[in-house]
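Q: My structure is below; once you've seen it, I'll send some questions.
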Amino acid sequence: MDKKDLWQRAMQIARNADVSTACNCAVVYSVHFLPTDENKLKALAYADTNPQMMMIDHTDCGKKLISLQLEKYFTDDEIAAIWAVASKRYIAAASGNITAFVDGADYRSVFITTELPEILRNPKIYTINGIQKEKFRI
């Protein structure tokens, strides 16, 4: 599969594959443009000890995107663009409390550019880490 076909396949997955999660069970993290995967590792550990919790990685969409090994073919910016499409849908489908591992999130990250604005727009989401989401408005 050439790069153009892979891009189209990844975007098709990001736009259409299942991203659903139960109420109060969505977990987000920020790693794009950060020097370590610490936030993701914390999110994984949290999800491992709380099996009802679901990161986007655990959804059908996330599993399919991960299986494409996008990091072998695309830049960080290109990968972030693909995940932003999936993340927007993931947050739009979420409800209740969002658990976030986003320490030091970069202004270019999917969390800052896509997920946080979607959380603030989604009337079904009330809190982030138990804090009223309105406190996160800039």
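Each chain in the structure tokens gets a letter, A, B, ..., in the order shown, and its residues are numbered from 1; ligands are numbered from 1 in order too.
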Give me, as a list in words, all polymer residues having an atom no more than 9 Å from Ile13 of chain A, counting only C-alpha atoms and skipping those fewer than 4 positions away in the same chain.
A: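 Using only C-alpha atoms, the neighbours found are Gln8, Arg9, Ala17, Asp18, Cys61, Gly62, Lys64, Leu65 and Ala86 of chain A.
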Q: Quick one: residues within 8 Å of Thr21 of chain A, only C-alpha atoms counted, chain neighbours fewer than 3 positions away excluded, as a VMD selection string?
A: chain A and resid 25 to 26 54 59 90 93 to 94
Q: Can you pull out the residues contacting Pro51 of chain A? Cut-off 12 Å, using only C-alpha atoms, and skip same-chain residues under 6 positions away; I want them as a PyMOL selection string.
A: chain A and resi 22+25-27+43-45+58
Q: For the residues in that selection, give me N, CA and C atoms as a short mmCIF file (atom, residue, chain, number, x, y, z; two decimals), in the first residue's frame.
A:
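Result went into out.cif, see below:
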```cif
data_model
loop_
_atom_site.label_atom_id
_atom_site.label_comp_id
_atom_site.auth_asym_id
_atom_site.auth_seq_id
_atom_site.Cartn_x
_atom_site.Cartn_y
_atom_site.Cartn_z
N ALA A 22 -18.81 3.87 27.32
CA ALA A 22 -19.90 4.04 28.28
C ALA A 22 -19.77 5.38 29.02
N CYS A 25 -16.72 6.75 31.33
CA CYS A 25 -15.64 5.78 31.10
C CYS A 25 -14.59 6.22 30.08
N ALA A 26 -14.71 7.41 29.51
CA ALA A 26 -13.74 7.87 28.52
C ALA A 26 -12.47 8.38 29.22
N VAL A 27 -11.33 7.95 28.71
CA VAL A 27 -10.02 8.36 29.22
C VAL A 27 -9.25 8.98 28.06
N ALA A 43 -2.26 6.70 31.71
CA ALA A 43 -3.61 6.38 31.26
C ALA A 43 -3.79 4.87 31.09
N LEU A 44 -2.79 4.21 30.52
CA LEU A 44 -2.85 2.75 30.37
C LEU A 44 -2.91 2.05 31.72
N ALA A 45 -2.09 2.50 32.67
CA ALA A 45 -2.09 1.90 34.01
C ALA A 45 -3.46 2.09 34.67
N HIS A 58 -8.45 1.68 22.87
CA HIS A 58 -9.20 0.46 23.12
C HIS A 58 -10.43 0.32 22.25
#
```
Q: What's the 12 Å shell around Ile112 of chain A, counting only C-alpha atoms, without same-chain residues fewer than 2 positions away, as a ChimeraX atom specification?
A: /A:28-33,80,84,87-88,100,102-110,114-120,136-138
Q: Could you pull out all residues of chain A with a DSSP call of helix (DSSP H, G or I) and give them as a ChimeraX atom specification?
A: /A:3-16,38-49,56-58,60-67,70-72,76-93,110-121,133-136
